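File shown here: start27.cif, holding mmCIF, C-alpha atoms and all ligand atoms.
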```
data_target
#
loop_
_atom_site.label_atom_id
_atom_site.label_comp_id
_atom_site.auth_asym_id
_atom_site.auth_seq_id
_atom_site.Cartn_x
_atom_site.Cartn_y
_atom_site.Cartn_z
CA MET A 1 -61.16 47.00 -35.28
CA ASP A 2 -63.95 46.11 -37.67
CA ALA A 3 -63.30 42.74 -39.32
CA LEU A 4 -63.19 44.07 -42.88
CA GLN A 5 -60.90 46.89 -41.87
CA LEU A 6 -58.66 44.35 -40.19
CA LEU A 7 -58.42 42.21 -43.30
CA LYS A 8 -57.85 45.24 -45.51
CA THR A 9 -55.10 46.76 -43.39
CA ARG A 10 -52.98 43.79 -42.36
CA ARG A 11 -49.48 44.06 -43.65
CA SER A 12 -46.14 42.64 -42.71
CA VAL A 13 -43.20 44.47 -41.25
CA SER A 14 -39.78 42.94 -41.75
CA THR A 15 -38.68 40.88 -38.72
CA ALA A 16 -35.73 43.23 -38.15
CA PHE A 17 -38.20 46.01 -37.34
CA LEU A 18 -40.39 44.12 -34.89
CA GLY A 19 -39.75 44.82 -31.22
CA PRO A 20 -41.59 44.74 -27.93
CA PRO A 21 -44.26 44.78 -26.78
CA GLY A 22 -45.50 41.41 -27.91
CA PRO A 23 -48.50 39.41 -26.82
CA ASN A 24 -48.83 38.56 -23.14
CA ALA A 25 -49.73 35.01 -22.06
CA ASP A 26 -53.50 35.52 -22.49
CA GLN A 27 -53.07 37.19 -25.86
CA LEU A 28 -50.74 34.45 -27.03
CA ARG A 29 -53.31 31.86 -26.03
CA GLU A 30 -55.93 33.79 -27.97
CA ILE A 31 -53.68 33.95 -31.04
CA LEU A 32 -53.03 30.19 -30.86
CA THR A 33 -56.74 29.47 -30.39
CA ILE A 34 -57.59 31.47 -33.50
CA ALA A 35 -54.66 29.88 -35.35
CA SER A 36 -56.12 26.45 -34.73
CA ARG A 37 -59.55 27.41 -36.04
CA VAL A 38 -58.97 26.73 -39.72
CA PRO A 39 -60.44 24.59 -42.49
CA ASP A 40 -59.18 21.06 -41.99
CA HIS A 41 -60.43 18.36 -44.37
CA GLY A 42 -61.02 15.20 -42.37
CA LYS A 43 -60.48 17.04 -39.06
CA LEU A 44 -56.98 15.63 -38.83
CA THR A 45 -55.38 18.61 -37.06
CA PRO A 46 -52.41 18.22 -39.42
CA TRP A 47 -50.45 21.01 -37.76
CA ARG A 48 -49.12 22.14 -34.41
CA PHE A 49 -47.26 25.13 -32.99
CA ILE A 50 -43.89 25.60 -31.32
CA VAL A 51 -43.58 28.88 -29.42
CA PHE A 52 -40.26 30.64 -29.00
CA GLU A 53 -40.40 33.45 -26.48
CA GLY A 54 -38.17 35.17 -23.95
CA ALA A 55 -34.81 33.54 -23.32
CA ALA A 56 -35.72 30.51 -25.47
CA ARG A 57 -35.23 32.68 -28.58
CA ALA A 58 -31.60 33.44 -27.73
CA LYS A 59 -30.98 29.83 -26.69
CA ALA A 60 -32.36 28.59 -30.02
CA GLY A 61 -30.38 31.30 -31.83
CA GLU A 62 -27.16 30.20 -30.16
CA ALA A 63 -27.75 26.60 -31.22
CA LEU A 64 -28.69 27.67 -34.76
CA ALA A 65 -25.55 29.78 -35.07
CA ALA A 66 -23.42 26.81 -33.99
CA LEU A 67 -25.20 24.58 -36.52
CA TYR A 68 -24.75 27.20 -39.23
CA LYS A 69 -21.03 27.46 -38.45
CA ALA A 70 -20.68 23.68 -38.60
CA LYS A 71 -22.31 23.66 -42.03
CA ASN A 72 -20.61 26.84 -43.26
CA PRO A 73 -17.14 27.03 -41.66
CA GLU A 74 -16.37 30.21 -43.63
CA ALA A 75 -19.21 32.12 -41.90
CA ASP A 76 -17.92 35.36 -40.37
CA ASP A 77 -18.91 36.94 -37.05
CA LYS A 78 -21.48 39.22 -38.68
CA LYS A 79 -23.26 36.27 -40.26
CA LEU A 80 -23.16 34.30 -37.01
CA ALA A 81 -24.59 37.26 -35.09
CA GLU A 82 -27.41 37.29 -37.64
CA GLU A 83 -28.05 33.60 -36.98
CA ARG A 84 -28.03 34.16 -33.22
CA ASN A 85 -30.81 36.68 -33.76
CA ARG A 86 -32.77 34.53 -36.21
CA LEU A 87 -35.64 34.15 -33.77
CA GLY A 88 -35.57 37.81 -32.79
CA PRO A 89 -35.92 40.66 -32.23
CA ALA A 90 -39.70 40.18 -32.07
CA PRO A 91 -40.67 39.05 -28.57
CA VAL A 92 -42.63 36.03 -29.78
CA VAL A 93 -42.07 33.69 -32.70
CA ILE A 94 -44.52 30.91 -33.46
CA GLY A 95 -43.22 28.00 -35.51
CA VAL A 96 -46.13 26.57 -37.49
CA VAL A 97 -45.53 22.87 -38.07
CA SER A 98 -47.17 20.75 -40.75
CA ARG A 99 -47.82 17.17 -39.64
CA ALA A 100 -49.11 16.17 -43.06
CA ALA A 101 -48.85 12.42 -43.51
CA PRO A 102 -50.24 9.79 -45.88
CA HIS A 103 -53.96 9.24 -45.29
CA VAL A 104 -56.52 6.98 -46.96
CA LYS A 105 -58.72 9.87 -48.01
CA ILE A 106 -57.11 13.25 -47.45
CA PRO A 107 -54.19 14.16 -49.75
CA GLU A 108 -51.08 15.40 -47.98
CA PHE A 109 -51.30 18.53 -50.12
CA GLU A 110 -54.58 19.46 -48.46
CA GLN A 111 -53.12 18.85 -45.03
CA LEU A 112 -50.25 21.17 -45.89
CA LEU A 113 -52.70 23.81 -47.08
CA SER A 114 -54.49 23.57 -43.75
CA ALA A 115 -51.19 24.29 -41.96
CA ALA A 116 -50.70 27.32 -44.21
CA ASN A 117 -54.14 28.50 -43.14
CA ALA A 118 -53.09 28.12 -39.52
CA ALA A 119 -50.07 30.30 -40.24
CA MET A 120 -52.22 32.95 -41.92
CA ASN A 121 -54.73 32.92 -39.06
CA THR A 122 -51.81 33.44 -36.68
CA VAL A 123 -50.81 36.56 -38.58
CA HIS A 124 -54.36 37.89 -38.68
CA ALA A 125 -54.95 37.19 -34.98
CA ALA A 126 -51.76 39.07 -34.11
CA HIS A 127 -52.92 42.01 -36.21
CA ALA A 128 -56.37 41.94 -34.60
CA LEU A 129 -54.74 42.26 -31.19
CA GLY A 130 -52.79 45.32 -32.32
CA PHE A 131 -49.48 43.61 -33.04
CA THR A 132 -47.63 43.14 -36.29
CA GLY A 133 -46.44 39.85 -37.65
CA GLN A 134 -44.32 38.51 -40.41
CA TRP A 135 -44.39 34.98 -41.80
CA VAL A 136 -40.86 33.91 -42.69
CA THR A 137 -39.05 30.73 -43.56
CA GLY A 138 -35.31 30.88 -44.37
CA TRP A 139 -32.86 27.98 -44.19
CA ILE A 140 -34.08 26.88 -40.76
CA ALA A 141 -37.42 25.94 -42.28
CA TYR A 142 -35.79 23.56 -44.75
CA ASP A 143 -32.76 22.15 -42.97
CA GLU A 144 -33.40 18.79 -41.26
CA ASP A 145 -30.84 19.38 -38.51
CA ALA A 146 -32.26 22.81 -37.76
CA GLY A 147 -35.74 21.30 -37.68
CA ARG A 148 -34.70 18.66 -35.17
CA LEU A 149 -32.97 21.27 -33.04
CA LEU A 150 -36.10 23.41 -33.07
CA GLY A 151 -38.36 20.56 -32.01
CA LEU A 152 -39.62 18.84 -35.15
CA LYS A 153 -40.49 15.17 -34.95
CA PRO A 154 -39.80 12.79 -37.86
CA GLY A 155 -42.05 13.54 -40.84
CA GLU A 156 -42.88 17.06 -39.71
CA ARG A 157 -41.86 20.30 -41.40
CA PHE A 158 -42.18 23.99 -40.71
CA VAL A 159 -44.50 25.94 -42.97
CA GLY A 160 -43.04 29.04 -41.41
CA PHE A 161 -42.19 31.13 -38.40
CA ILE A 162 -44.56 33.93 -37.46
CA HIS A 163 -42.66 36.74 -35.77
CA ILE A 164 -44.99 38.83 -33.63
CA GLY A 165 -44.26 42.17 -32.05
CA THR A 166 -44.71 45.88 -32.50
CA SER A 167 -43.39 47.74 -35.50
CA THR A 168 -40.49 50.08 -34.82
CA ILE A 169 -40.94 51.83 -38.17
CA PRO A 170 -43.83 53.77 -39.70
CA TYR A 171 -46.29 51.67 -41.65
CA SER A 172 -46.29 51.85 -45.41
CA ASP A 173 -48.14 49.38 -47.55
CA ARG A 174 -46.76 47.77 -50.66
CA PRO A 175 -48.55 47.77 -54.02
CA ARG A 176 -51.12 45.00 -54.18
CA PRO A 177 -52.06 43.06 -57.29
CA LYS A 178 -54.74 44.60 -59.49
CA LEU A 179 -57.86 42.45 -59.50
CA GLU A 180 -58.08 42.84 -63.30
CA ASP A 181 -54.77 40.95 -63.52
CA ILE A 182 -55.72 38.05 -61.29
CA VAL A 183 -59.47 37.55 -61.62
CA SER A 184 -61.31 36.10 -64.56
CA TYR A 185 -64.86 34.86 -64.95
CA TRP A 186 -65.30 31.44 -66.45
CA THR A 187 -67.66 31.49 -69.35
CA GLY A 188 -67.28 28.01 -70.82
CA PRO A 189 -64.79 25.21 -71.55
CA GLY A 190 -61.57 26.53 -73.11
C1 LIG B 201 -44.50 30.62 -47.03
C2 LIG B 201 -43.97 32.01 -46.94
C3 LIG B 201 -42.64 32.21 -46.58
C4 LIG B 201 -42.11 33.49 -46.49
N1 LIG B 201 -40.81 33.66 -46.14
C5 LIG B 201 -40.29 34.89 -46.05
C6 LIG B 201 -38.94 35.07 -45.63
O1 LIG B 201 -38.24 34.12 -45.31
N2 LIG B 201 -38.47 36.34 -45.60
C7 LIG B 201 -39.24 37.43 -45.93
O2 LIG B 201 -38.75 38.55 -45.89
N3 LIG B 201 -40.53 37.27 -46.30
C8 LIG B 201 -41.07 36.04 -46.36
N4 LIG B 201 -42.38 35.89 -46.74
C9 LIG B 201 -43.16 37.07 -47.13
C10 LIG B 201 -43.73 37.83 -45.94
O3 LIG B 201 -44.45 36.97 -45.07
C11 LIG B 201 -44.69 38.94 -46.39
O4 LIG B 201 -45.71 38.38 -47.16
C12 LIG B 201 -43.98 40.01 -47.17
O5 LIG B 201 -43.09 40.68 -46.30
C13 LIG B 201 -44.96 41.03 -47.79
O6 LIG B 201 -45.72 41.64 -46.82
P1 LIG B 201 -47.31 41.58 -46.77
O7 LIG B 201 -47.65 40.40 -45.87
O8 LIG B 201 -47.69 42.87 -46.16
O9 LIG B 201 -47.82 41.40 -48.13
C14 LIG B 201 -42.94 34.60 -46.79
C15 LIG B 201 -44.28 34.40 -47.13
C16 LIG B 201 -44.79 33.12 -47.19
C17 LIG B 201 -46.25 32.93 -47.56
#
```
Rewrite the structure of this file - the entire thing - as structure tokens.
Ligand SMILES: Cc1cc2nc3c(=O)[nH]c(=O)nc-3n(C[C@H](O)[C@H](O)[C@H](O)COP(=O)(O)O)c2cc1C
Amino acid sequence: MDALQLLKTRRSVSTAFLGPPGPNADQLREILTIASRVPDHGKLTPWRFIVFEGAARAKAGEALAALYKAKNPEADDKKLAEERNRLGPAPVVIGVVSRAAPHVKIPEFEQLLSAANAAMNTVHAAHALGFTGQWVTGWIAYDEDAGRLLGLKPGERFVGFIHIGTSTIPYSDRPRPKLEDIVSYWTGPG
């Protein structure tokens, strides 16, 4: 696909509607290589990736459901089944981790932005390879215990989970913002 066409057609499909096939090992490597090719002030590599694929997704889901139940004893079976499938049904989920930390020159904010770029590049790379992705967060991106369980080290946080697979529903885009509403041309101090 032509690069401009790629950028103009990317769209997300809700994780519930992402199934196999997903990227094979070579394609996954390609996605991760592209994901790590992002602007990075100070060349700090302030991000890393945790891949959940195959049986690891269900194993993580089982542990997340148990954690959820411990934190929410009232959770019913339906909710727990949802948690078990949190890293599914897409065949591959890439956790994008920010390693932003205090630095003499580079603000942590910029390091976090670089991680967000890595997440976006992941989505675009998946699309370029013919797959569909969705960038999601949810409670597991913000809960410290969930983070530890999913492999975070102290000081790290998830900027999101990129679910990658093939859409099981027909594509339909959503309305996009009108440029007139979001673009202005600076003409002088306000
Ligand atoms: C940081 C971040 C977190 C997001 N978390 C969720 C989420 O948890 N659940 C969800 O349905 N969409 C989430 N989204 C939105 C989707 O990634 C996506 O943008 C949305 O489905 C609209 O589709 P589009 O990418 O085609 O515009 C998140 C987006 C960002 C940037």
Exercise answer, 7 Å around ligand LIG 201 (chain B) with only C-alpha atoms and all ligand atoms, as an mmCIF file with C-alpha atoms, keeping the file's coordinate frame:
```
data_model
loop_
_atom_site.group_PDB
_atom_site.id
_atom_site.type_symbol
_atom_site.label_atom_id
_atom_site.label_comp_id
_atom_site.auth_asym_id
_atom_site.auth_seq_id
_atom_site.Cartn_x
_atom_site.Cartn_y
_atom_site.Cartn_z
ATOM 1 C CA ARG A 10 -52.980 43.790 -42.360
ATOM 2 C CA ARG A 11 -49.480 44.060 -43.650
ATOM 3 C CA SER A 12 -46.140 42.640 -42.710
ATOM 4 C CA VAL A 13 -43.200 44.470 -41.250
ATOM 5 C CA SER A 14 -39.780 42.940 -41.750
ATOM 6 C CA GLN A 134 -44.320 38.510 -40.410
ATOM 7 C CA TRP A 135 -44.390 34.980 -41.800
ATOM 8 C CA VAL A 136 -40.860 33.910 -42.690
ATOM 9 C CA THR A 137 -39.050 30.730 -43.560
ATOM 10 C CA GLY A 138 -35.310 30.880 -44.370
ATOM 11 C CA VAL A 159 -44.500 25.940 -42.970
ATOM 12 C CA GLY A 160 -43.040 29.040 -41.410
ATOM 13 C CA ASP A 173 -48.140 49.380 -47.550
ATOM 14 C CA ARG A 174 -46.760 47.770 -50.660
#
```
Test item: residues at most 8 Å from region 22-37 of chain A, all atoms listed in the file, excluding those fewer than 6 positions along its chain, as a PyMOL selection string
chain A and resi 49+90-92+117-122+125-126+129+131+164-166
Smallest atom-to-atom distance to Thr168 (chain A): which of A:Thr45, A:Asn85, A:Thr132, A:Asn72, using all atoms listed in the file?
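Checking each candidate against Thr168 (chain A), we get A:Thr132 as the closest.
Around Gly61 (chain A), within 7 Å and counting all atoms listed in the file, the residues found are Glu83, Arg84, Asn85, Arg86 and Leu87 of chain A, once anything fewer than 6 positions away on its own chain is removed.
With only C-alpha atoms as the basis for measurement, A:Leu64 is the residue among A:Ala70, A:Leu113, A:Leu64, A:Ile169 that approaches Leu149 (chain A) most closely.
The two atoms in question, CA of Val93 (chain A) and CA of Lys79 (chain A), are spaced 20.4 Å apart.
Taking CA of Lys69 (chain A) as the reference point, CA of Arg57 (chain A) is found at 18.1 Å.
Straight-line separation from CA of Asp2 (chain A) to CA of Ser172 (chain A): 20.1 Å.
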So that I can see what lies close to Phe158 (chain A), please list as a VMD selection string the residues with an atom at most 12 Å from it, counting only C-alpha atoms and leaving out residues fewer than 6 positions away in the same chain.
chain A and resid 46 to 50 94 to 100 112 115 to 116 118 to 119 135 to 144 146 to 148 150 to 152
Pick from A:Ala60, A:Ser114, A:Tyr68, A:Met1 nearest to Val38 (chain A), counting only C-alpha atoms:
A:Ser114
Here is a test: counting all atoms listed in the file, which residue of A:Pro177, A:Gly190, A:Pro73, A:Gly130 is nearest to Thr9 (chain A)?
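When distances to Thr9 (chain A) are compared using all atoms listed in the file, the smallest one comes from A:Gly130.
Minimum distance to Glu53 (chain A) across A:Gly19, A:Pro39, A:Gly88, A:Pro154 (counting only C-alpha atoms) occurs at A:Gly88.
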